[in-house]
$ cat upload.txt   # compact mmCIF, C-alpha atoms
# COMPACT_ATOMS: atom_id res chain seq x y z
CA MET Z 1 0.00 0.00 0.00
CA PRO Z 2 2.67 2.58 0.89
CA ASP Z 3 4.43 1.91 -2.42
CA PHE Z 4 1.17 2.49 -4.30
CA PHE Z 5 0.53 5.82 -2.59
CA ASN Z 6 4.12 6.89 -3.14
CA GLN Z 7 3.81 6.15 -6.87
CA GLU Z 8 0.58 8.16 -7.17
CA ILE Z 9 2.10 11.09 -5.29
CA GLY Z 10 5.13 10.95 -7.59
CA ARG Z 11 2.94 11.03 -10.66
CA ALA Z 12 0.97 13.98 -9.27
CA ASP Z 13 4.22 15.88 -8.64
CA ILE Z 14 5.38 15.24 -12.23
CA LEU Z 15 2.06 16.44 -13.68
CA ALA Z 16 2.09 19.51 -11.48
CA LYS Z 17 5.63 20.38 -12.60
CA LYS Z 18 4.66 19.99 -16.27
CA ASP Z 19 1.61 22.20 -15.74
CA ASN Z 20 3.68 24.88 -14.01
CA LYS Z 21 6.27 24.69 -16.79
CA ALA Z 22 3.58 25.22 -19.45
CA LYS Z 23 2.15 28.18 -17.54
CA ASN Z 24 5.59 29.71 -17.19
CA GLU Z 25 6.21 29.32 -20.95
CA VAL Z 26 2.93 31.10 -21.70
CA GLU Z 27 3.70 33.84 -19.23
CA GLU Z 28 7.23 34.22 -20.60
CA LYS Z 29 6.07 34.49 -24.24
CA PRO Z 30 6.84 38.06 -25.30
CA ARG Z 31 3.86 40.26 -26.07
CA GLU Z 32 3.53 42.00 -29.45
CA THR Z 33 5.07 45.44 -29.30
CA THR Z 34 3.37 48.56 -30.61
CA VAL Z 35 5.78 48.66 -33.54
CA GLU Z 36 4.99 45.04 -34.45
CA PHE Z 37 1.26 45.71 -34.23
CA LEU Z 38 1.54 48.75 -36.50
CA ALA Z 39 3.65 46.76 -38.96
CA SER Z 40 0.99 44.01 -39.09
CA LEU Z 41 -1.76 46.58 -39.54
CA ALA Z 42 0.17 48.28 -42.32
CA ALA Z 43 0.62 44.95 -44.11
CA VAL Z 44 -3.14 44.31 -43.97
CA LEU Z 45 -3.91 47.82 -45.26
CA VAL Z 46 -1.39 47.56 -48.09
CA THR Z 47 -2.81 44.18 -49.13
CA GLY Z 48 -6.36 45.56 -49.06
CA LEU Z 49 -5.32 48.65 -51.02
CA PHE Z 50 -3.60 46.48 -53.63
CA ILE Z 51 -6.72 44.33 -54.07
CA ILE Z 52 -9.03 47.35 -54.35
CA THR Z 53 -6.69 49.14 -56.77
CA PHE Z 54 -5.61 46.33 -59.06
CA VAL Z 55 -7.89 43.30 -58.55
CA VAL Z 56 -11.47 44.36 -57.79
CA GLN Z 57 -13.37 47.64 -57.84
CA ALA Z 58 -16.74 48.52 -56.37
CA PHE Z 59 -19.17 50.01 -58.88
CA GLU Z 60 -22.75 51.29 -58.54
CA ILE Z 61 -25.23 50.96 -61.41
CA PRO Z 62 -26.55 54.51 -62.04
CA SER Z 63 -29.03 54.05 -64.91
CA SER Z 64 -31.67 51.67 -66.26
CA SER Z 65 -29.84 50.81 -69.50
CA MET Z 66 -28.99 47.26 -68.32
CA GLU Z 67 -32.33 46.31 -66.73
CA ASN Z 68 -33.33 43.70 -65.78
CA THR Z 69 -29.84 42.22 -65.70
CA LEU Z 70 -28.60 45.10 -63.56
CA LEU Z 71 -30.90 47.51 -61.73
CA ILE Z 72 -30.35 51.08 -60.63
CA GLY Z 73 -28.85 50.84 -57.15
CA ASP Z 74 -27.10 47.50 -57.69
CA HIS Z 75 -23.59 47.59 -56.23
CA VAL Z 76 -21.21 45.19 -57.94
CA PHE Z 77 -17.62 44.07 -57.60
CA VAL Z 78 -15.73 44.39 -60.88
CA ASN Z 79 -12.89 42.04 -61.78
CA ARG Z 80 -10.14 44.37 -63.04
CA ILE Z 81 -7.69 41.55 -63.81
CA GLN Z 82 -9.50 39.34 -66.30
CA PHE Z 83 -9.31 41.64 -69.33
CA ALA Z 84 -6.03 43.35 -68.42
CA PRO Z 85 -3.06 43.00 -70.80
CA LYS Z 86 -0.95 39.93 -70.07
CA THR Z 87 2.49 40.36 -68.55
CA SER Z 88 5.37 37.89 -68.60
CA TRP Z 89 5.55 37.53 -64.81
CA THR Z 90 1.84 37.31 -63.93
CA GLY Z 91 0.45 35.68 -67.08
CA PRO Z 92 0.69 32.08 -65.77
CA LEU Z 93 -0.84 33.02 -62.40
CA LEU Z 94 -3.89 35.10 -63.31
CA PRO Z 95 -6.94 34.14 -65.44
CA TYR Z 96 -6.47 36.56 -68.34
CA ARG Z 97 -8.65 36.22 -71.43
CA GLU Z 98 -9.91 38.30 -74.34
CA VAL Z 99 -13.25 40.11 -74.21
CA ARG Z 100 -15.92 37.85 -75.71
CA ARG Z 101 -19.30 38.36 -77.31
CA GLY Z 102 -21.96 38.51 -74.61
CA ASP Z 103 -19.59 39.71 -71.87
CA ILE Z 104 -20.89 42.48 -69.63
CA ILE Z 105 -18.09 45.01 -69.13
CA VAL Z 106 -17.40 48.23 -67.26
CA PHE Z 107 -15.45 50.78 -69.28
CA LEU Z 108 -14.61 54.45 -69.57
CA HIS Z 109 -16.98 56.33 -71.87
CA PRO Z 110 -15.30 56.76 -75.29
CA ASP Z 111 -16.88 60.16 -75.95
CA ALA Z 112 -14.64 63.05 -74.90
CA ALA Z 113 -17.71 64.90 -73.62
CA TYR Z 114 -18.01 62.24 -70.89
CA THR Z 115 -14.35 61.78 -70.03
CA GLY Z 116 -13.92 59.86 -66.78
CA THR Z 117 -17.47 58.47 -66.79
CA TYR Z 118 -17.83 54.74 -66.08
CA VAL Z 119 -20.36 52.83 -68.19
CA VAL Z 120 -21.62 49.24 -68.16
CA LYS Z 121 -22.91 47.47 -71.31
CA ARG Z 122 -22.97 44.06 -73.00
CA ILE Z 123 -20.52 43.26 -75.79
CA MET Z 124 -22.36 42.60 -79.06
CA GLY Z 125 -19.43 42.67 -81.47
CA VAL Z 126 -15.69 42.05 -81.30
CA PRO Z 127 -13.11 42.99 -83.95
CA GLY Z 128 -14.11 41.71 -87.38
CA ASP Z 129 -17.80 41.20 -86.57
CA HIS Z 130 -20.49 42.52 -88.92
CA ILE Z 131 -23.45 44.02 -87.00
CA HIS Z 132 -26.83 45.39 -88.00
CA LEU Z 133 -30.34 45.72 -86.54
CA ARG Z 134 -33.63 45.10 -88.31
CA ASN Z 135 -36.86 45.99 -86.55
CA GLY Z 136 -35.02 46.00 -83.25
CA GLU Z 137 -33.48 42.55 -83.73
CA VAL Z 138 -29.68 42.22 -83.74
CA TYR Z 139 -27.91 40.33 -86.52
CA ARG Z 140 -24.26 39.39 -86.15
CA ASN Z 141 -22.34 38.02 -89.09
CA GLY Z 142 -25.65 37.37 -90.85
CA GLU Z 143 -27.28 35.45 -88.00
CA LYS Z 144 -30.15 36.73 -85.85
CA LEU Z 145 -29.23 36.65 -82.16
CA ASN Z 146 -31.30 34.96 -79.46
CA GLU Z 147 -31.27 37.46 -76.59
CA PRO Z 148 -33.40 36.23 -73.65
CA TYR Z 149 -31.93 38.92 -71.38
CA ILE Z 150 -33.47 41.83 -73.34
CA LEU Z 151 -36.12 44.01 -71.66
CA HIS Z 152 -38.65 45.26 -74.26
CA ASP Z 153 -40.96 47.39 -72.09
CA ARG Z 154 -39.73 50.68 -73.61
CA ASP Z 155 -39.33 49.62 -77.25
CA ASP Z 156 -40.40 52.27 -79.75
CA LEU Z 157 -40.76 50.79 -83.23
CA SER Z 158 -41.13 54.29 -84.69
CA ASP Z 159 -37.52 55.07 -83.76
CA SER Z 160 -36.03 54.01 -87.08
CA TYR Z 161 -32.38 54.83 -86.28
CA ARG Z 162 -32.42 52.84 -83.03
CA ASN Z 163 -34.19 49.81 -84.52
CA ASN Z 164 -32.64 49.68 -88.01
CA PHE Z 165 -29.03 50.59 -87.33
CA PRO Z 166 -26.93 51.43 -89.36
CA ALA Z 167 -29.21 51.49 -92.44
CA VAL Z 168 -30.94 54.70 -91.31
CA PRO Z 169 -28.76 57.85 -91.40
CA PRO Z 170 -28.09 59.34 -87.96
CA GLN Z 171 -30.56 62.11 -87.17
CA ASP Z 172 -30.85 61.81 -83.40
CA PRO Z 173 -29.77 64.59 -80.98
CA ASN Z 174 -28.27 61.95 -78.67
CA ILE Z 175 -25.70 60.91 -81.30
CA SER Z 176 -22.16 62.06 -80.69
CA PRO Z 177 -20.97 64.47 -83.45
CA ARG Z 178 -17.70 62.57 -83.63
CA TRP Z 179 -19.50 59.27 -84.15
CA GLU Z 180 -21.89 60.79 -86.70
CA ALA Z 181 -18.88 61.79 -88.79
CA GLU Z 182 -17.00 58.51 -88.28
CA LEU Z 183 -19.89 56.06 -88.70
CA PRO Z 184 -20.03 55.94 -92.55
CA SER Z 185 -16.39 54.82 -92.78
CA HIS Z 186 -17.22 51.58 -90.91
CA ILE Z 187 -20.26 50.55 -92.97
CA GLN Z 188 -19.98 47.76 -95.53
CA GLY Z 189 -23.22 46.99 -97.33
CA ASP Z 190 -25.90 46.72 -94.63
CA ASP Z 191 -23.46 46.09 -91.79
CA LEU Z 192 -21.28 47.97 -89.37
CA VAL Z 193 -17.85 46.30 -89.23
CA VAL Z 194 -16.03 46.37 -85.88
CA PRO Z 195 -12.41 47.47 -86.41
CA PRO Z 196 -9.32 46.00 -84.68
CA GLY Z 197 -8.89 46.94 -81.02
CA ARG Z 198 -12.53 48.06 -80.68
CA TYR Z 199 -15.81 46.63 -79.38
CA PHE Z 200 -19.47 47.28 -80.14
CA ALA Z 201 -21.72 47.25 -77.06
CA MET Z 202 -25.41 47.71 -76.27
CA GLY Z 203 -27.60 47.82 -73.18
CA ASP Z 204 -30.02 45.03 -72.27
CA HIS Z 205 -32.81 47.59 -71.80
CA ARG Z 206 -32.70 48.05 -75.52
CA GLY Z 207 -35.42 50.69 -75.90
CA VAL Z 208 -33.71 53.27 -73.64
CA SER Z 209 -30.03 52.43 -73.87
CA LEU Z 210 -27.63 54.99 -75.28
CA ASP Z 211 -24.79 52.78 -76.44
CA SER Z 212 -22.43 52.13 -79.36
CA ARG Z 213 -25.19 53.12 -81.75
CA TYR Z 214 -24.94 56.64 -80.34
CA TRP Z 215 -21.29 57.14 -79.38
CA GLY Z 216 -19.37 54.50 -81.29
CA PHE Z 217 -16.89 51.76 -80.53
CA ILE Z 218 -15.24 51.07 -77.19
CA PRO Z 219 -11.43 51.19 -77.41
CA GLN Z 220 -9.80 48.14 -75.84
CA GLU Z 221 -7.78 50.37 -73.55
CA ASN Z 222 -10.98 51.83 -72.08
CA VAL Z 223 -12.13 48.48 -70.68
CA ILE Z 224 -11.96 48.39 -66.87
CA GLY Z 225 -13.24 44.88 -66.14
CA ARG Z 226 -16.15 42.50 -65.78
CA PRO Z 227 -18.83 42.74 -63.05
CA MET Z 228 -18.66 39.54 -60.98
CA PHE Z 229 -21.56 39.70 -58.53
CA ILE Z 230 -23.90 42.07 -56.70
CA TYR Z 231 -22.77 42.61 -53.11
CA TRP Z 232 -25.60 45.00 -52.21
CA SER Z 233 -28.70 46.36 -53.97
CA PHE Z 234 -30.74 49.32 -52.73
CA ASP Z 235 -33.95 50.70 -54.27
CA THR Z 236 -32.66 53.94 -55.82
CA PRO Z 237 -34.49 56.65 -57.83
CA GLY Z 238 -33.66 56.73 -61.53
CA ASP Z 239 -32.45 60.33 -61.39
CA GLN Z 240 -30.30 59.97 -58.28
CA TYR Z 241 -27.03 59.94 -60.25
CA THR Z 242 -27.83 63.43 -61.59
CA LYS Z 243 -28.07 64.87 -58.06
CA THR Z 244 -24.46 65.72 -57.36
CA GLY Z 245 -24.94 68.54 -54.84
CA MET Z 246 -23.69 67.99 -51.28
CA GLY Z 247 -27.19 68.53 -49.87
CA ASP Z 248 -28.68 65.92 -52.21
CA ARG Z 249 -25.98 63.40 -51.39
CA LEU Z 250 -26.33 63.85 -47.64
CA GLY Z 251 -30.10 63.64 -47.96
CA PHE Z 252 -29.90 60.34 -49.83
CA LEU Z 253 -27.33 59.01 -47.36
CA ALA Z 254 -29.76 59.74 -44.53
CA HIS Z 255 -32.50 57.98 -46.51
CA VAL Z 256 -30.26 54.91 -46.88
CA VAL Z 257 -29.57 54.81 -43.14
CA LEU Z 258 -33.27 55.09 -42.28
CA HIS Z 259 -34.47 52.58 -44.88
CA PHE Z 260 -31.51 50.21 -45.10
CA PHE Z 261 -33.48 47.14 -44.12
CA ASP Z 262 -36.81 47.76 -45.86
CA GLU Z 263 -35.43 49.12 -49.17
CA THR Z 264 -32.45 46.80 -49.62
CA ARG Z 265 -33.19 44.23 -52.30
CA TRP Z 266 -32.04 41.25 -50.26
CA GLY Z 267 -32.89 38.78 -52.99
CA ARG Z 268 -30.21 40.26 -55.27
CA THR Z 269 -27.40 39.94 -52.71
CA LEU Z 270 -24.49 37.85 -54.06
CA LYS Z 271 -26.27 37.40 -57.40
CA VAL Z 272 -23.77 36.54 -60.14
CA VAL Z 273 -23.85 38.94 -63.10
CA ARG Z 274 -24.42 37.21 -66.45

$ encode --input "upload.txt" --output "structure tokens"
Amino acid sequence: MPDFFNQEIGRADILAKKDNKAKNEVEEKPRETTVEFLASLAAVLVTGLFIITFVVQAFEIPSSSMENTLLIGDHVFVNRIQFAPKTSWTGPLLPYREVRRGDIIVFLHPDAAYTGTYVVKRIMGVPGDHIHLRNGEVYRNGEKLNEPYILHDRDDLSDSYRNNFPAVPPQDPNISPRWEAELPSHIQGDDLVVPPGRYFAMGDHRGVSLDSRYWGFIPQENVIGRPMFIYWSFDTPGDQYTKTGMGDRLGFLAHVVLHFFDETRWGRTLKVVR
């Protein structure tokens, strides 16, 4: 019996010593200094800034030209990498590819009158494509397109230029003077031919969209990226983007705070843009 108790006491002493040793190691572990904390924080901020600047960009849909694919007040993340020019050191690592027919892209407006304005449209023609419209239907390289994403609620069949492009001479006040002068040089027969390094784009809300029919081709260098998904959608008035005054902006910000829950379109959250 004494030997048994002595063994148990010995084991207890060993366990107690191990426990005290572990506690001492934890207590002796040096705490992070203020300099180390600031360095870690700076690394996180730099990484976040790099991602926001070069990888993704937040973008708000300001107009109805892409309804119902994208609504006014949809906030999307745009992939800035996918359509960027390839480089020798990042090419194998990043999913670069050319802009394709049907892609939705964000780009800088090609008209000098709107320098710095971001626009979102769907690519209808890439270099070499022959495009024309007949009675509002799009034909590409002689074939009529099936476009299930089109919203037709504002179609106006009496608008001959919009619906029979480019057969009808431009006589619309919304047409860019530069494009009006340039347009004839790109017409072959009944078609508009997309030149190298340019894209032809249109909005899904076809009856209201001001697009390549009105201001011409999109230069490849103007392409910013492709919208990936909607991270937040808020019911926003159609004319909100025109209200640029500080009072208007603060007023709408207050409206968002008060109605965040009841006017957020929760069903569109994380919706992939196609």

$ closest_residue --input "upload.txt" --among "Z:Thr34, Z:Ile61, Z:Thr117, Z:Val56" --to "Gln240 of chain Z" --atoms "all atoms listed in the file"
Z:Ile61

$ residues_around --input "upload.txt" --residues "Glu147 of chain Z" --least-positions-apart "5" --cutoff "10 Å" --atoms "all atoms listed in the file" --output "number ranges by chain"
Z: 102, 137-138, 204

$ residues_around --input "upload.txt" --residues "segment 173-190 of chain Z" --least-positions-apart "2" --cutoff "9 Å" --atoms "all atoms listed in the file" --output "count of residues only"
21

$ atom_distance --input "upload.txt" --atom1 "atom CA of Ile104 of chain Z" --atom2 "atom CA of Val120 of chain Z"
7.0 Å

$ residues_near_point --input "upload.txt" --point "(-36.1, 49.4, -55.7)" --cutoff "9 Å" --atoms "all atoms listed in the file" --output "list of chain:residue names"
Z:Leu71, Z:Ile72, Z:Gly73, Z:Ser233, Z:Phe234, Z:Asp235, Z:Thr236, Z:Pro237, Z:Glu263, Z:Thr264, Z:Arg265

$ axis_aligned_box --input "upload.txt" --around "segment 120-128 of chain Z" --padding-each-side "3 Å" --output "lines of an AutoDock Vina configuration file"
center_x = -18.0
center_y = 45.5
center_z = -77.8
size_x = 15.9
size_y = 13.5
size_z = 25.2

$ atom_distance --input "upload.txt" --atom1 "atom CA of His109 of chain Z" --atom2 "atom CA of Ser158 of chain Z"
27.4 Å

$ residues_around --input "upload.txt" --residues "Phe83 of chain Z" --least-positions-apart "4" --cutoff "8 Å" --atoms "only C-alpha atoms" --output "MDAnalysis selection string"
chainID Z and resid 96:99 223:226

$ residues_near_point --input "upload.txt" --point "(-20.2, 42.2, -68.9)" --cutoff "7 Å" --atoms "all atoms listed in the file" --output "MDAnalysis selection string"
chainID Z and resid 103:106 121:123 226:227 274

$ residues_around --input "upload.txt" --residues "Leu151 of chain Z" --least-positions-apart "2" --cutoff "7 Å" --atoms "all atoms listed in the file" --output "list in words"
Glu67, Asn68, Tyr149, Asp153, Asp204, His205 and Arg206 of chain Z

$ closest_residue --input "upload.txt" --among "Z:Leu70, Z:Gly116, Z:Asp239, Z:Glu60" --to "Arg268 of chain Z" --atoms "only C-alpha atoms"
Z:Leu70

$ atom_distance --input "upload.txt" --atom1 "atom CA of Gly207 of chain Z" --atom2 "atom CA of Tyr241 of chain Z"
20.0 Å
